[in-house]
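Participant: Below you'll find query.cif; it's mmCIF, C-alpha atoms and all ligand atoms.
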data_model
#
loop_
_atom_site.label_atom_id
_atom_site.label_comp_id
_atom_site.auth_asym_id
_atom_site.auth_seq_id
_atom_site.Cartn_x
_atom_site.Cartn_y
_atom_site.Cartn_z
CA MET A 1 -3.76 53.83 36.57
CA ARG A 2 -2.73 53.20 40.16
CA THR A 3 -0.59 50.18 41.00
CA ILE A 4 -0.68 48.42 44.36
CA HIS A 5 2.56 46.69 45.30
CA SER A 6 4.14 45.23 48.44
CA GLU A 7 7.89 44.95 49.00
CA LYS A 8 7.12 41.79 50.94
CA HIS A 9 7.07 39.93 47.63
CA ARG A 10 10.85 39.65 48.13
CA LEU A 11 10.24 37.25 51.02
CA ARG A 12 9.18 34.76 48.36
CA ALA A 13 12.69 33.82 47.25
CA PRO A 14 13.02 30.06 46.90
CA GLN A 15 16.34 28.82 45.53
CA THR A 16 14.98 25.72 43.85
CA GLU A 17 12.44 24.59 41.28
CA LEU A 18 12.20 21.00 40.13
CA SER A 19 12.36 21.34 36.34
CA GLY A 20 13.20 18.66 33.83
CA GLY A 21 14.63 16.45 36.55
CA ARG A 22 16.96 19.15 37.85
CA LEU A 23 16.77 21.69 40.64
CA VAL A 24 17.06 25.05 38.88
CA ARG A 25 16.74 28.67 40.01
CA PRO A 26 12.95 29.35 39.98
CA PHE A 27 11.48 31.02 36.90
CA GLU A 28 9.08 32.87 39.19
CA CYS A 29 11.73 35.19 40.69
CA PRO A 30 11.75 38.56 42.52
CA GLU A 31 13.36 40.43 39.59
CA ARG A 32 10.11 40.04 37.66
CA VAL A 33 8.53 42.68 39.88
CA GLU A 34 11.54 45.00 39.73
CA HIS A 35 11.34 45.08 35.92
CA ILE A 36 7.63 45.84 36.00
CA LEU A 37 8.13 48.65 38.54
CA SER A 38 10.89 50.29 36.51
CA ARG A 39 8.75 50.19 33.37
CA ILE A 40 5.84 51.74 35.30
CA ALA A 41 8.16 54.55 36.40
CA GLN A 42 9.61 54.99 32.90
CA THR A 43 6.22 55.29 31.23
CA GLY A 44 4.54 57.34 33.95
CA LEU A 45 1.67 54.84 34.19
CA GLY A 46 0.72 56.25 37.58
CA PRO A 47 1.51 56.06 41.29
CA VAL A 48 2.65 52.89 43.03
CA GLU A 49 1.20 52.45 46.51
CA PRO A 50 1.46 49.88 49.32
CA PRO A 51 -1.48 47.65 50.24
CA VAL A 52 -3.70 47.98 53.28
CA ALA A 53 -3.34 44.99 55.61
CA HIS A 54 -6.63 43.05 55.80
CA GLY A 55 -5.61 40.02 57.82
CA LEU A 56 -6.82 36.61 56.69
CA GLY A 57 -10.51 37.50 56.37
CA PRO A 58 -10.56 37.92 52.57
CA ALA A 59 -8.50 34.73 52.06
CA ARG A 60 -10.84 32.78 54.37
CA ALA A 61 -13.72 33.65 52.04
CA ILE A 62 -12.02 31.52 49.35
CA HIS A 63 -9.66 29.04 50.99
CA ALA A 64 -10.28 26.15 53.41
CA PRO A 65 -9.29 26.67 57.08
CA ASP A 66 -7.07 23.56 57.18
CA TYR A 67 -5.28 24.71 54.03
CA LEU A 68 -4.54 28.14 55.51
CA ASP A 69 -3.23 26.47 58.69
CA PHE A 70 -1.02 24.26 56.52
CA LEU A 71 0.43 27.27 54.66
CA ALA A 72 1.04 29.10 57.95
CA THR A 73 2.99 26.20 59.48
CA VAL A 74 4.46 24.16 56.62
CA TRP A 75 7.93 25.69 56.73
CA GLU A 76 8.38 25.20 60.50
CA ARG A 77 7.04 21.65 60.27
CA TRP A 78 9.37 20.83 57.38
CA ARG A 79 12.39 22.13 59.31
CA ALA A 80 11.25 20.37 62.49
CA ALA A 81 11.20 17.10 60.52
CA GLY A 82 14.93 17.61 60.01
CA HIS A 83 14.83 18.39 56.30
CA GLU A 84 17.64 20.64 55.10
CA GLY A 85 16.42 21.73 51.67
CA GLU A 86 13.29 23.60 50.62
CA ALA A 87 9.89 21.93 51.05
CA ILE A 88 8.97 19.92 47.94
CA PRO A 89 6.41 17.11 47.91
CA THR A 90 7.49 13.67 46.78
CA VAL A 91 4.29 11.65 47.30
CA TRP A 92 0.64 12.30 46.37
CA PRO A 93 -2.79 10.82 47.18
CA SER A 94 -3.00 9.62 43.62
CA ARG A 95 -5.54 7.27 42.04
CA ARG A 96 -6.10 4.02 43.92
CA MET A 97 -5.01 5.49 47.26
CA GLY A 98 -7.92 6.02 49.59
CA ARG A 99 -6.99 8.66 52.12
CA ARG A 100 -9.42 11.58 52.59
CA GLY A 101 -7.55 14.20 54.58
CA ALA A 102 -4.02 15.39 55.27
CA PRO A 103 -1.90 12.85 57.12
CA GLN A 104 0.00 13.86 60.23
CA ALA A 105 3.52 13.93 58.78
CA ILE A 106 4.54 17.03 56.86
CA ASP A 107 5.86 14.89 53.98
CA GLY A 108 2.36 13.52 53.46
CA ALA A 109 0.63 16.85 54.08
CA LEU A 110 2.70 18.47 51.31
CA GLY A 111 1.43 15.93 48.80
CA TRP A 112 -2.10 16.34 50.11
CA TYR A 113 -2.15 20.08 49.43
CA ALA A 114 0.18 20.29 46.40
CA LEU A 115 -1.12 20.06 42.84
CA ALA A 116 2.43 19.95 41.44
CA GLY A 117 6.00 19.50 42.61
CA GLU A 118 7.88 22.38 40.97
CA THR A 119 6.89 24.91 43.63
CA ALA A 120 9.29 24.84 46.58
CA ILE A 121 8.25 26.40 49.87
CA SER A 122 10.87 28.35 51.84
CA SER A 123 10.96 30.63 54.88
CA GLY A 124 9.14 33.80 53.75
CA THR A 125 6.63 32.21 51.41
CA TRP A 126 3.57 32.53 53.64
CA GLU A 127 4.23 36.16 54.50
CA ALA A 128 4.71 37.05 50.82
CA ALA A 129 1.54 35.19 49.82
CA GLN A 130 -0.50 37.07 52.42
CA ALA A 131 0.92 40.39 51.19
CA ALA A 132 -0.04 39.49 47.61
CA ALA A 133 -3.63 38.87 48.74
CA ASP A 134 -3.60 42.26 50.50
CA VAL A 135 -2.39 43.81 47.23
CA ALA A 136 -5.32 42.26 45.34
CA VAL A 137 -7.90 43.34 47.94
CA THR A 138 -6.53 46.89 48.15
CA ALA A 139 -6.61 47.26 44.36
CA ALA A 140 -10.13 45.75 44.22
CA ASP A 141 -11.22 48.39 46.72
CA LEU A 142 -9.93 51.15 44.41
CA VAL A 143 -12.13 49.82 41.62
CA LEU A 144 -15.08 49.43 44.00
CA GLY A 145 -14.47 53.03 45.03
CA GLY A 146 -15.02 54.22 41.46
CA ALA A 147 -11.63 53.97 39.75
CA ARG A 148 -11.91 52.93 36.08
CA SER A 149 -9.05 50.48 36.64
CA ALA A 150 -6.27 49.42 38.99
CA PHE A 151 -3.24 47.16 38.80
CA ALA A 152 -2.58 44.63 41.58
CA LEU A 153 1.10 43.80 41.16
CA CYS A 154 0.77 40.49 43.01
CA ARG A 155 3.70 38.18 43.62
CA PRO A 156 3.53 35.25 44.19
CA PRO A 157 0.81 34.73 41.56
CA GLY A 158 -2.47 33.01 42.37
CA HIS A 159 -4.51 31.46 39.57
CA HIS A 160 -3.39 27.84 40.08
CA ALA A 161 -4.28 27.92 43.81
CA ALA A 162 -7.67 26.35 44.57
CA GLN A 163 -9.67 26.19 47.82
CA ASP A 164 -7.14 23.80 49.33
CA MET A 165 -4.35 23.39 46.77
CA TYR A 166 -1.09 25.16 45.99
CA GLY A 167 1.34 24.75 43.11
CA GLY A 168 2.30 26.29 39.78
CA TYR A 169 4.03 29.00 41.87
CA CYS A 170 0.67 29.93 43.51
CA PHE A 171 -0.54 29.76 47.15
CA LEU A 172 -3.48 32.14 47.63
CA ASN A 173 -5.74 32.86 44.67
CA ASN A 174 -5.38 36.65 44.54
CA ALA A 175 -7.83 37.16 41.66
CA ALA A 176 -10.48 34.93 43.27
CA ILE A 177 -10.08 36.75 46.58
CA ALA A 178 -10.56 40.06 44.72
CA ALA A 179 -13.63 38.73 42.89
CA GLN A 180 -15.24 37.63 46.15
CA ARG A 181 -14.39 41.00 47.69
CA MET A 182 -16.21 42.71 44.83
CA ARG A 183 -19.23 40.43 45.20
CA GLU A 184 -19.46 41.17 48.91
CA ALA A 185 -19.19 44.90 48.26
CA GLY A 186 -22.23 44.79 45.97
CA ALA A 187 -21.06 43.89 42.47
CA GLU A 188 -23.72 41.38 41.41
CA ARG A 189 -21.85 39.83 38.53
CA VAL A 190 -18.08 39.68 38.16
CA ALA A 191 -16.31 38.45 35.02
CA LEU A 192 -12.86 36.96 35.51
CA LEU A 193 -10.81 36.74 32.33
CA ASP A 194 -7.57 34.76 32.57
CA VAL A 195 -5.09 35.58 29.81
CA ASP A 196 -2.07 33.87 31.37
CA PHE A 197 -0.55 31.20 29.11
CA HIS A 198 -1.51 28.52 31.65
CA HIS A 199 -5.05 27.49 32.49
CA GLY A 200 -6.33 29.07 35.71
CA ASN A 201 -7.32 25.75 37.24
CA GLY A 202 -7.57 27.16 40.76
CA THR A 203 -9.88 29.98 39.77
CA GLN A 204 -12.05 27.60 37.75
CA ALA A 205 -12.30 25.16 40.67
CA ILE A 206 -13.28 27.96 43.05
CA PHE A 207 -16.08 29.35 40.88
CA GLU A 208 -17.17 26.35 38.77
CA ASP A 209 -20.47 25.90 40.64
CA ARG A 210 -21.38 29.61 40.75
CA ALA A 211 -23.36 31.74 38.31
CA ASP A 212 -22.28 35.08 39.82
CA VAL A 213 -18.66 34.85 38.64
CA LEU A 214 -18.08 34.15 34.95
CA PHE A 215 -14.67 32.53 34.44
CA LEU A 216 -13.04 32.62 31.01
CA SER A 217 -9.54 31.39 30.23
CA LEU A 218 -7.34 31.45 27.10
CA HIS A 219 -4.44 29.04 27.49
CA GLY A 220 -2.16 26.36 26.14
CA ASP A 221 -4.14 23.16 25.57
CA PRO A 222 -3.81 21.07 28.76
CA ALA A 223 -3.22 18.02 26.57
CA GLN A 224 0.21 19.61 25.97
CA GLU A 225 0.75 22.13 28.73
CA PHE A 226 0.74 22.65 32.49
CA PRO A 227 -1.47 22.17 34.55
CA HIS A 228 -2.35 19.18 32.30
CA PHE A 229 -5.47 18.03 34.18
CA LEU A 230 -7.93 20.91 33.77
CA GLY A 231 -8.77 23.51 31.15
CA GLY A 232 -10.58 21.57 28.43
CA ALA A 233 -13.25 23.20 26.26
CA ASP A 234 -15.77 20.65 27.57
CA GLU A 235 -15.53 22.10 31.12
CA THR A 236 -18.42 24.56 31.15
CA GLY A 237 -19.35 24.77 34.83
CA VAL A 238 -21.12 22.58 37.39
CA GLY A 239 -24.71 22.70 38.71
CA ALA A 240 -25.85 26.31 39.12
CA GLY A 241 -22.55 27.32 37.48
CA GLU A 242 -23.31 25.49 34.23
CA GLY A 243 -22.45 27.86 31.36
CA PHE A 244 -20.35 30.19 33.53
CA THR A 245 -16.97 28.56 32.85
CA VAL A 246 -15.54 29.07 29.37
CA ASN A 247 -12.20 27.59 28.28
CA TYR A 248 -10.25 28.36 25.12
CA PRO A 249 -7.48 25.74 24.91
CA LEU A 250 -5.13 26.74 22.09
CA PRO A 251 -2.35 24.73 20.43
CA PRO A 252 1.39 25.25 20.98
CA GLY A 253 2.67 27.92 18.59
CA THR A 254 -0.53 29.97 18.70
CA GLY A 255 0.09 33.50 17.37
CA TYR A 256 -1.78 36.72 17.97
CA ALA A 257 -4.39 36.36 15.19
CA ALA A 258 -5.82 33.12 16.62
CA TRP A 259 -5.35 34.29 20.20
CA ALA A 260 -7.18 37.58 19.54
CA GLU A 261 -10.05 35.70 17.91
CA ALA A 262 -10.54 33.73 21.13
CA LEU A 263 -10.27 36.96 23.12
CA GLU A 264 -13.03 38.55 21.02
CA ASP A 265 -15.31 35.61 21.71
CA ALA A 266 -14.55 35.88 25.42
CA LEU A 267 -15.22 39.64 25.48
CA GLY A 268 -18.54 39.06 23.72
CA ARG A 269 -19.51 36.67 26.50
CA VAL A 270 -18.41 39.15 29.17
CA ALA A 271 -20.73 41.76 27.62
CA ALA A 272 -23.64 39.27 27.31
CA PHE A 273 -23.17 38.26 30.94
CA GLY A 274 -23.86 41.83 32.08
CA ALA A 275 -20.83 42.02 34.34
CA ASP A 276 -20.57 44.86 36.84
CA ALA A 277 -16.80 44.52 36.96
CA LEU A 278 -14.01 42.74 35.13
CA ILE A 279 -10.96 41.11 36.68
CA VAL A 280 -8.10 40.22 34.36
CA SER A 281 -5.69 37.51 35.52
CA LEU A 282 -2.76 39.08 33.70
CA GLY A 283 -0.01 36.66 32.78
CA VAL A 284 2.32 37.75 29.99
CA ASP A 285 3.84 34.31 29.47
CA THR A 286 2.01 34.26 26.11
CA PHE A 287 5.03 36.26 24.88
CA ARG A 288 7.08 34.72 22.04
CA GLY A 289 10.24 34.75 24.18
CA ASP A 290 8.80 33.14 27.30
CA PRO A 291 11.11 30.35 28.48
CA ILE A 292 8.39 27.93 29.68
CA SER A 293 5.51 28.66 27.29
CA SER A 294 4.72 28.18 23.61
CA PHE A 295 2.58 31.05 22.29
CA ARG A 296 3.98 33.70 19.97
CA LEU A 297 2.65 37.10 21.02
CA GLU A 298 4.88 40.11 20.26
CA SER A 299 5.25 43.06 22.63
CA ASP A 300 2.98 45.26 20.46
CA ASP A 301 0.24 42.63 20.65
CA PHE A 302 -0.04 43.23 24.39
CA ALA A 303 -0.92 46.89 23.78
CA ASP A 304 -3.48 45.84 21.18
CA TYR A 305 -5.25 43.45 23.50
CA GLY A 306 -5.17 46.02 26.31
CA ARG A 307 -7.22 48.27 24.00
CA ARG A 308 -9.66 45.45 23.27
CA ILE A 309 -10.15 44.71 26.97
CA ALA A 310 -11.11 48.36 27.50
CA ARG A 311 -13.93 48.14 24.96
CA PRO A 312 -16.68 46.68 27.21
CA GLY A 313 -16.22 49.82 29.34
CA LEU A 314 -16.21 47.92 32.65
CA PRO A 315 -14.44 48.86 35.88
CA THR A 316 -11.38 46.65 35.50
CA LEU A 317 -8.90 45.17 37.94
CA PHE A 318 -5.68 43.72 36.55
CA VAL A 319 -4.13 41.06 38.78
CA MET A 320 -0.55 39.98 38.01
CA GLU A 321 -0.03 36.29 37.30
CA GLY A 322 2.83 34.77 35.23
CA GLY A 323 5.44 35.90 32.69
CA TYR A 324 9.02 34.63 32.79
CA ALA A 325 10.85 36.45 29.99
CA VAL A 326 12.22 38.73 32.70
CA ALA A 327 13.92 41.33 30.51
CA GLU A 328 10.70 41.96 28.56
CA ILE A 329 8.12 41.48 31.32
CA GLY A 330 7.94 45.20 32.18
CA VAL A 331 7.28 46.28 28.60
CA ASN A 332 4.70 43.55 28.01
CA VAL A 333 2.74 44.17 31.22
CA VAL A 334 2.74 47.95 30.92
CA ASN A 335 1.79 47.69 27.23
CA VAL A 336 -1.44 45.97 28.30
CA LEU A 337 -2.14 48.65 30.90
CA THR A 338 -1.35 51.66 28.68
CA GLY A 339 -3.23 50.00 25.81
CA PHE A 340 -6.22 49.74 28.13
CA GLU A 341 -5.90 53.39 29.09
CA GLY A 342 -5.66 54.42 25.45
CA SER A 343 -2.29 56.11 25.85
C1 LIG A 401 2.54 29.48 36.61
B1 LIG A 401 1.71 30.61 35.97
C2 LIG A 401 6.94 23.74 31.96
C3 LIG A 401 6.65 23.30 33.39
C4 LIG A 401 5.66 24.22 34.00
C5 LIG A 401 4.90 25.15 36.12
C6 LIG A 401 4.40 26.36 35.42
C7 LIG A 401 3.64 27.25 36.36
C8 LIG A 401 3.10 28.49 35.67
N1 LIG A 401 7.93 22.94 31.32
N2 LIG A 401 5.75 24.28 35.38
O1 LIG A 401 0.52 30.17 35.34
O2 LIG A 401 2.44 31.41 35.03
ZN ZN A 402 1.39 31.08 33.39
#
Would it be possible to restate this file's structure as structure tokens?

Facilitator:
Amino acid sequence: MRTIHSEKHRLRAPQTELSGGRLVRPFECPERVEHILSRIAQTGLGPVEPPVAHGLGPARAIHAPDYLDFLATVWERWRAAGHEGEAIPTVWPSRRMGRRGAPQAIDGALGWYALAGETAISSGTWEAAQAAADVAVTAADLVLGGARSAFALCRPPGHHAAQDMYGGYCFLNNAAIAAQRMREAGAERVALLDVDFHHGNGTQAIFEDRADVLFLSLHGDPAQEFPHFLGGADETGVGAGEGFTVNYPLPPGTGYAAWAEALEDALGRVAAFGADALIVSLGVDTFRGDPISSFRLESDDFADYGRRIARPGLPTLFVMEGGYAVAEIGVNVVNVLTGFEGS
């Protein structure tokens, strides 16, 4: 399997994350990618190649123009306002506040576009986010070109980012951008399976009213877990998209037996849907040792579910999302990919 990877991910190097009332070193850190790359080399998974630059076209097919302008300028505006730390929102257009659009001041604009406050923006964030989208598009093009599979080693991740919202470490929705790319290249139906521990609220929001992209997500029950406000089993799609969103909220402590049962149901729906291609939002924060998550998958379980995902026989694009047990992230990710390949 070929991997697409950009060194520009290193430009995404914030020093702070608001966690438990403290500013800590971010869980979503550059070393995550280094561990995955060394495991790819160690196992001989396949070549690692840089992305092709596509400009903002593919991102514009998913994200709102004002949101992209915000991402492109937020850091300069934050510095120009005289702030010394990294850009973190402190105020939101919450219930009972009437505004319908980003206010002029950057402090207000941050709250307008942020879904959460843990994700600090710093100098290279926008450049890294654009490179991650290029990684996803380049890998999607390999699959469109006839490859059985490809791995988009995206960083920063994307599944929490909606049309005009960032947060949960995500800015551009790499998997959604790839799905749209596939649709425009002639895939009539794309299934997008999100196995990250956290609900893919951004991806759901982007596709909830569409019948051409089936979104399925296995995740920690939002009653307990981030992102808290989306991901319930009763969310099944909107309008023409009714029936094309499928959520599997699972309780804290979920182990592989229960998780795999939900996966089997999801794969059955992928097959029934008649997908032309499958995109997997691959987060390995379901791992037992993940520092911010509560499922109990073991490293061998990742290989097992990689094999299961191969069963529908679809051209498959893996898009990297979360996973914060840094020492084990390489093994867990590559176990999925080699499991898929049957090696
Ligand atoms: C991003 B991805 C947990 C707080 C969670 C944000 C988590 C973002 C996860 N105590 N904060 O889905 O892996
Ligand atoms: Zn996650």

Participant: With a distance cut-off of 9 Å and all atoms listed in the file, select the neighbouring residues of A:Gly55, excluding the residue or stretch itself and same-chain residues fewer than 2 positions from it, and output the selection as a ChimeraX atom specification.

Facilitator: /A:53,57-59,130,134

Participant: In terms of the shortest atom-to-atom distance over all atoms listed in the file, which of A:Gly168, A:Glu261, A:Leu23, A:Val333 is closest to A:Leu37?

Facilitator: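 Comparing A:Gly168, A:Glu261, A:Leu23, A:Val333 against A:Leu37, the winner is A:Val333.
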
Participant: Quick one: residues within 12 Å of ligand ZN 402 (chain A), with only C-alpha atoms and all ligand atoms, as number ranges by chain?

Facilitator: A: 27-28, 156-160, 167-170, 194-201, 217-220, 225-227, 281-287, 290-295, 320-325

Participant: Using only C-alpha atoms, please write the residues we just selected to a file, as a PDB file, in the coordinates of the input.

Facilitator:
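Below you can see again19.pdb, which holds the result:
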ATOM      1  CA  PHE A  27      11.480  31.020  36.900  1.00  0.00           C
ATOM      2  CA  GLU A  28       9.080  32.870  39.190  1.00  0.00           C
ATOM      3  CA  PRO A 156       3.530  35.250  44.190  1.00  0.00           C
ATOM      4  CA  PRO A 157       0.810  34.730  41.560  1.00  0.00           C
ATOM      5  CA  GLY A 158      -2.470  33.010  42.370  1.00  0.00           C
ATOM      6  CA  HIS A 159      -4.510  31.460  39.570  1.00  0.00           C
ATOM      7  CA  HIS A 160      -3.390  27.840  40.080  1.00  0.00           C
ATOM      8  CA  GLY A 167       1.340  24.750  43.110  1.00  0.00           C
ATOM      9  CA  GLY A 168       2.300  26.290  39.780  1.00  0.00           C
ATOM     10  CA  TYR A 169       4.030  29.000  41.870  1.00  0.00           C
ATOM     11  CA  CYS A 170       0.670  29.930  43.510  1.00  0.00           C
ATOM     12  CA  ASP A 194      -7.570  34.760  32.570  1.00  0.00           C
ATOM     13  CA  VAL A 195      -5.090  35.580  29.810  1.00  0.00           C
ATOM     14  CA  ASP A 196      -2.070  33.870  31.370  1.00  0.00           C
ATOM     15  CA  PHE A 197      -0.550  31.200  29.110  1.00  0.00           C
ATOM     16  CA  HIS A 198      -1.510  28.520  31.650  1.00  0.00           C
ATOM     17  CA  HIS A 199      -5.050  27.490  32.490  1.00  0.00           C
ATOM     18  CA  GLY A 200      -6.330  29.070  35.710  1.00  0.00           C
ATOM     19  CA  ASN A 201      -7.320  25.750  37.240  1.00  0.00           C
ATOM     20  CA  SER A 217      -9.540  31.390  30.230  1.00  0.00           C
ATOM     21  CA  LEU A 218      -7.340  31.450  27.100  1.00  0.00           C
ATOM     22  CA  HIS A 219      -4.440  29.040  27.490  1.00  0.00           C
ATOM     23  CA  GLY A 220      -2.160  26.360  26.140  1.00  0.00           C
ATOM     24  CA  GLU A 225       0.750  22.130  28.730  1.00  0.00           C
ATOM     25  CA  PHE A 226       0.740  22.650  32.490  1.00  0.00           C
ATOM     26  CA  PRO A 227      -1.470  22.170  34.550  1.00  0.00           C
ATOM     27  CA  SER A 281      -5.690  37.510  35.520  1.00  0.00           C
ATOM     28  CA  LEU A 282      -2.760  39.080  33.700  1.00  0.00           C
ATOM     29  CA  GLY A 283      -0.010  36.660  32.780  1.00  0.00           C
ATOM     30  CA  VAL A 284       2.320  37.750  29.990  1.00  0.00           C
ATOM     31  CA  ASP A 285       3.840  34.310  29.470  1.00  0.00           C
ATOM     32  CA  THR A 286       2.010  34.260  26.110  1.00  0.00           C
ATOM     33  CA  PHE A 287       5.030  36.260  24.880  1.00  0.00           C
ATOM     34  CA  ASP A 290       8.800  33.140  27.300  1.00  0.00           C
ATOM     35  CA  PRO A 291      11.110  30.350  28.480  1.00  0.00           C
ATOM     36  CA  ILE A 292       8.390  27.930  29.680  1.00  0.00           C
ATOM     37  CA  SER A 293       5.510  28.660  27.290  1.00  0.00           C
ATOM     38  CA  SER A 294       4.720  28.180  23.610  1.00  0.00           C
ATOM     39  CA  PHE A 295       2.580  31.050  22.290  1.00  0.00           C
ATOM     40  CA  MET A 320      -0.550  39.980  38.010  1.00  0.00           C
ATOM     41  CA  GLU A 321      -0.030  36.290  37.300  1.00  0.00           C
ATOM     42  CA  GLY A 322       2.830  34.770  35.230  1.00  0.00           C
ATOM     43  CA  GLY A 323       5.440  35.900  32.690  1.00  0.00           C
ATOM     44  CA  TYR A 324       9.020  34.630  32.790  1.00  0.00           C
ATOM     45  CA  ALA A 325      10.850  36.450  29.990  1.00  0.00           C
TER      46      ALA A 325
END

Participant: Let me have the centre and edge lengths in Å, one decimal, of the box along x, y and z around every listed atom of ligand LIG 401 (chain A) with 6 Å of margin on each side, as JSON.

Facilitator:
{"center_x": 4.2, "center_y": 27.2, "center_z": 34.0, "size_x": 19.4, "size_y": 20.5, "size_z": 17.3}

Participant: Contacts of A:Leu214 at 12 Å or less, counting all atoms listed in the file, minus same-chain residues fewer than 5 places along, as a VMD selection string?

Facilitator: chain A and resid 176 179 188 to 194 203 to 204 206 to 209 236 to 237 240 to 247 266 to 267 269 to 280

Participant: With C-alpha atoms retained, write the just-selected residues as an mmCIF file, in the coordinates of the input.

Facilitator:
data_model
loop_
_atom_site.group_PDB
_atom_site.id
_atom_site.type_symbol
_atom_site.label_atom_id
_atom_site.label_comp_id
_atom_site.auth_asym_id
_atom_site.auth_seq_id
_atom_site.Cartn_x
_atom_site.Cartn_y
_atom_site.Cartn_z
ATOM 1 C CA ALA A 176 -10.480 34.930 43.270
ATOM 2 C CA ALA A 179 -13.630 38.730 42.890
ATOM 3 C CA GLU A 188 -23.720 41.380 41.410
ATOM 4 C CA ARG A 189 -21.850 39.830 38.530
ATOM 5 C CA VAL A 190 -18.080 39.680 38.160
ATOM 6 C CA ALA A 191 -16.310 38.450 35.020
ATOM 7 C CA LEU A 192 -12.860 36.960 35.510
ATOM 8 C CA LEU A 193 -10.810 36.740 32.330
ATOM 9 C CA ASP A 194 -7.570 34.760 32.570
ATOM 10 C CA THR A 203 -9.880 29.980 39.770
ATOM 11 C CA GLN A 204 -12.050 27.600 37.750
ATOM 12 C CA ILE A 206 -13.280 27.960 43.050
ATOM 13 C CA PHE A 207 -16.080 29.350 40.880
ATOM 14 C CA GLU A 208 -17.170 26.350 38.770
ATOM 15 C CA ASP A 209 -20.470 25.900 40.640
ATOM 16 C CA THR A 236 -18.420 24.560 31.150
ATOM 17 C CA GLY A 237 -19.350 24.770 34.830
ATOM 18 C CA ALA A 240 -25.850 26.310 39.120
ATOM 19 C CA GLY A 241 -22.550 27.320 37.480
ATOM 20 C CA GLU A 242 -23.310 25.490 34.230
ATOM 21 C CA GLY A 243 -22.450 27.860 31.360
ATOM 22 C CA PHE A 244 -20.350 30.190 33.530
ATOM 23 C CA THR A 245 -16.970 28.560 32.850
ATOM 24 C CA VAL A 246 -15.540 29.070 29.370
ATOM 25 C CA ASN A 247 -12.200 27.590 28.280
ATOM 26 C CA ALA A 266 -14.550 35.880 25.420
ATOM 27 C CA LEU A 267 -15.220 39.640 25.480
ATOM 28 C CA ARG A 269 -19.510 36.670 26.500
ATOM 29 C CA VAL A 270 -18.410 39.150 29.170
ATOM 30 C CA ALA A 271 -20.730 41.760 27.620
ATOM 31 C CA ALA A 272 -23.640 39.270 27.310
ATOM 32 C CA PHE A 273 -23.170 38.260 30.940
ATOM 33 C CA GLY A 274 -23.860 41.830 32.080
ATOM 34 C CA ALA A 275 -20.830 42.020 34.340
ATOM 35 C CA ASP A 276 -20.570 44.860 36.840
ATOM 36 C CA ALA A 277 -16.800 44.520 36.960
ATOM 37 C CA LEU A 278 -14.010 42.740 35.130
ATOM 38 C CA ILE A 279 -10.960 41.110 36.680
ATOM 39 C CA VAL A 280 -8.100 40.220 34.360
#

Participant: Between A:Arg296, A:Arg307, A:His228, A:Arg288, which is the closest to ligand LIG 401 (chain A) once you count all atoms listed in the file?

Facilitator: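 Result for the nearest residue to ligand LIG 401 (chain A): A:His228.
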
Participant: Quick one: pull the distance between atom CA of A:Leu172 and atom CA of A:Gly111, Å, one decimal.

Facilitator: 17.0 Å

Participant: Between A:Gly98, A:Gly117, A:Gly232, A:Gly342, which residue has the minimum interatomic distance to A:Pro249, considering all atoms listed in the file?

Facilitator: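 Of the candidates, the smallest distance to A:Pro249 is held by A:Gly232.
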
Participant: Using only C-alpha atoms and all ligand atoms, which residue out of A:Ile40, A:Leu115, A:Leu314, A:Val74 lies closest to ligand LIG 401 (chain A)?

Facilitator: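 Smallest distance to ligand LIG 401 (chain A) is found for A:Leu115.
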
Participant: For ligand LIG 401 (chain A), which of A:Leu337, A:Ala116, A:Leu110, A:Met165 is the closest residue, counting all atoms listed in the file?

Facilitator: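 Counting all atoms listed in the file, the residue closest to ligand LIG 401 (chain A) is A:Ala116.
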
Participant: For A:Gly46, which residue out of A:Arg22, A:Arg2, A:Lys8, A:His83 is the nearest one, using only C-alpha atoms?

Facilitator: A:Arg2

Participant: Measure the distance from atom CA of A:Leu45 to atom CA of A:Val33 in Å and round it to one decimal.

Facilitator: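 One can read the atom CA of A:Leu45 to atom CA of A:Val33 distance as 15.1 Å.
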
Participant: So how far away is atom CA of A:Gly255 from atom CA of A:Gly313, in Å?

Facilitator: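 Atom-to-atom, atom CA of A:Gly313 and atom CA of A:Gly255 are spaced 26.0 Å apart.
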
Participant: Which residues are near A:Ile329? Cut-off 7 Å, only C-alpha atoms, ignore same chain within fewer than 5 positions. Put them as an MDAnalysis selection string.

Facilitator: chainID A and resid 32 35:36 323

Participant: How would the residues just chosen look if you wrote them out with C-alpha atoms as a JSON list (two decimals), in the frame of the given file?

Facilitator:
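The resulting file, result-v7.json, is reproduced below:
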[["chain", "number", "residue", "atom", "x", "y", "z"],
["A", 32, "ARG", "CA", 10.11, 40.04, 37.66],
["A", 35, "HIS", "CA", 11.34, 45.08, 35.92],
["A", 36, "ILE", "CA", 7.63, 45.84, 36.00],
["A", 323, "GLY", "CA", 5.44, 35.90, 32.69]]

Participant: Applying 8 Å and only C-alpha atoms, which residues near A:Tyr305 remain after dropping the ones on its own chain fewer than 2 positions away? List them as a PyMOL selection string.

Facilitator: chain A and resi 260+301-303+307-309+336+339-340
